[in-house]
Amino acid sequence: MGATLFEKIWHTHCVEVREDGRALLYIDRHLVHDLHAPHAFKELTRQQRQVRRKDLTLVVQDHTVSTRDKGHAISDNMQATQAACAQHQVPFVDHRSPQHGISHIIAAEQGMALPGKTLACPDSHASTVGALGCLAFGCGTTELVHILATQTMALAKPKQMRINLTGQLQPGVTAKDVALHLIRRVGITAGRGYAVEYAGPVVRDMDLEGRMTLCNMTIEWGGRTCLIAPDHQTIAWYQQPARNLSADILKYVVEQATHLHSDPDATFDAELTLDCTAVQPHITWGTDPSQAVSVHEAITWPEHVSPEENARHLQALHYMGLQAGQSLKGLPVQRVFIGSCTNARLSDLREAARVVRNRHIADHVVAFVVPGSATIKAQAEAEGLDQIFLQAGFEWHAPGCSMCAGANGEVGQAGERCVSTSNRNFENRQGRGVRTHLASPTTAAACAIAGHIVDSL
């Protein structure tokens, strides 16, 4: 019987199986951010342990960085992170560095995430780099300490699921729309206990940055991790001059792309085929990513749901100030955020800039763009995208998690509606009482110009 893509990577990294049934998986790279770094390194010191492979570790400041004032606002977490890195002598990316950015974005940019390799990060959206064929796991602080000290992670082997995305996307429909449509269909728990592989013609036709968006959102429907088999597009992405990767790394990527895929006779524990031909631009109406509709639809959910599910939908409507059967189209918005590890790549910024070029945001809207890394910011500025946004009335920020995390002071005001390109619309996620609507960069940009929810201009 053939092996799946996941099994091939898992088996080559499994050190041993513990008595409790969990596998010790070798971790090729670990990426640590400023929310967890101070606590993890403090515990490492308390246990009198060392970082086993400093050369395979990278620490970055992203969650608590102020993207408004890069030069002056230094959080306590940022200071503690820098001090811990100096004490343990591990590589550290300062928020002023040209290599700085959101952890999941720079992991791909800088060649930390590679096809066939494993990666751990103390953040649930580590699965983003599954788009490159890299098997990544989010971890907690206690797990992080173990990884830093041993270069292994204790894991129960997940079941496997394949999502086949068929058909062809209509013009204007993005990977974010596909992700929201998928989560709407399967719900927020369908992926629990599974490693997901995305396949099918829609995935094959997606560019690498679209694949990253799709993989980033996997955690929002419960997936443990996810993968997409590397192909010619993967090779081309790594070979871009801006990556500045070594010849050895590029040779490795080419080798992996030739054989790293699920065998034709591989079996999965679950499979789902979703025809994406009729998918339209989506936007969320509730307080989790499954509560979404196309911009042209009224708010609705299946009639036959459990009392608990029905109560959850009603609570979401109450928080969002909406009613069942209501259309979101034309609903006024006060804030637009284009950024996060979901949609802050160069292609995202290009698409948003295309929408706002020679236009201006509505007078009552506060809108800002936060590039995912210093590299992306520099590339966007070289193309003049920053000037397009500034002339349209947007704020142009430095890289960081910004309003997605809300741990950096960048939040909205109570009662505001915010159209956001991030991955979570939980209650109070973007500020106390802020009502978040998740959407693609193109939809978010259009909403900023119109001043209300709209799918296009």
# chains A, B, ... in the order shown; residues from 1 in each chain; ligands from 1
$ select_by_dssp --residues "segment 265-320 of chain A" --states "strand (DSSP E)" --output "PyMOL selection string"
chain A and resi 270-275+282-284+292-294
$ residues_around --residues "Leu385 of chain A" --least-positions-apart "2" --cutoff "10 Å" --atoms "only C-alpha atoms" --output "ChimeraX atom specification"
/A:346,349-350,352-354,357,377-383,387-391,396
$ residues_around --residues "segment 253-260 of chain A" --least-positions-apart "2" --cutoff "8 Å" --atoms "only C-alpha atoms" --output "list in words"
Leu5, Lys8, Leu114, Pro115, Gly116, Gly133, Ala229, Pro230, Asp231, His232, Thr234, Ile235, Tyr238, Ile249, Leu250, Lys251 and Ser262 of chain A
$ write_last_selection --atoms "C-alpha atoms" --output "mmCIF file, in the first residue's frame"
data_model
loop_
_atom_site.group_PDB
_atom_site.id
_atom_site.type_symbol
_atom_site.label_atom_id
_atom_site.label_comp_id
_atom_site.auth_asym_id
_atom_site.auth_seq_id
_atom_site.Cartn_x
_atom_site.Cartn_y
_atom_site.Cartn_z
ATOM 1 C CA LEU A 5 2.713 12.821 1.739
ATOM 2 C CA LYS A 8 6.535 10.075 4.169
ATOM 3 C CA LEU A 114 11.435 23.645 3.268
ATOM 4 C CA PRO A 115 9.633 20.765 1.535
ATOM 5 C CA GLY A 116 9.987 17.518 3.455
ATOM 6 C CA GLY A 133 5.338 20.846 1.668
ATOM 7 C CA ALA A 229 2.649 18.572 -2.344
ATOM 8 C CA PRO A 230 5.491 20.672 -3.781
ATOM 9 C CA ASP A 231 5.509 21.125 -7.559
ATOM 10 C CA HIS A 232 6.930 23.337 -10.304
ATOM 11 C CA THR A 234 7.024 25.613 -5.440
ATOM 12 C CA ILE A 235 10.379 25.434 -7.203
ATOM 13 C CA TYR A 238 12.030 29.418 -4.030
ATOM 14 C CA ILE A 249 18.833 24.799 -0.708
ATOM 15 C CA LEU A 250 17.535 25.312 -4.240
ATOM 16 C CA LYS A 251 18.920 21.930 -5.313
ATOM 17 C CA SER A 262 1.124 11.014 -1.917
#
$ closest_residue --among "A:Pro332, A:Gly172, A:Gly187, A:Pro289" --to "Glu351 of chain A" --atoms "only C-alpha atoms"
A:Gly172
$ residues_around --residues "Glu297 of chain A" --least-positions-apart "3" --cutoff "8 Å" --atoms "only C-alpha atoms" --output "JSON list (two decimals) with all heavy atoms, in the first residue's frame"
[["chain", "number", "residue", "atom", "x", "y", "z"],
["A", 293, "VAL", "N", -20.92, 34.04, 4.60],
["A", 293, "VAL", "CA", -21.80, 33.98, 3.43],
["A", 293, "VAL", "C", -21.10, 34.69, 2.29],
["A", 293, "VAL", "O", -20.13, 35.42, 2.50],
["A", 293, "VAL", "CB", -23.16, 34.66, 3.69],
["A", 293, "VAL", "CG1", -24.00, 33.87, 4.69],
["A", 293, "VAL", "CG2", -22.97, 36.10, 4.16],
["A", 294, "SER", "N", -21.60, 34.49, 1.07],
["A", 294, "SER", "CA", -21.12, 35.34, 0.00],
["A", 294, "SER", "C", -21.72, 36.73, 0.23],
["A", 294, "SER", "O", -22.75, 36.86, 0.91],
["A", 294, "SER", "CB", -21.52, 34.79, -1.37],
["A", 294, "SER", "OG", -22.89, 35.04, -1.61],
["A", 327, "SER", "N", -29.07, 41.02, 4.98],
["A", 327, "SER", "CA", -27.96, 41.05, 4.03],
["A", 327, "SER", "C", -26.85, 41.93, 4.59],
["A", 327, "SER", "O", -27.12, 42.98, 5.19],
["A", 327, "SER", "CB", -28.42, 41.60, 2.69],
["A", 327, "SER", "OG", -27.30, 41.80, 1.83],
["A", 328, "LEU", "N", -25.61, 41.49, 4.39],
["A", 328, "LEU", "CA", -24.47, 42.31, 4.82],
["A", 328, "LEU", "C", -24.16, 43.43, 3.83],
["A", 328, "LEU", "O", -23.54, 44.43, 4.20],
["A", 328, "LEU", "CB", -23.23, 41.43, 4.99],
["A", 328, "LEU", "CG", -23.27, 40.35, 6.07],
["A", 328, "LEU", "CD1", -21.96, 39.59, 6.10],
["A", 328, "LEU", "CD2", -23.56, 40.96, 7.44]]
$ residues_around --residues "Val356 of chain A" --least-positions-apart "4" --cutoff "7 Å" --atoms "only C-alpha atoms" --output "PyMOL selection string"
chain A and resi 352+360+392+445+449
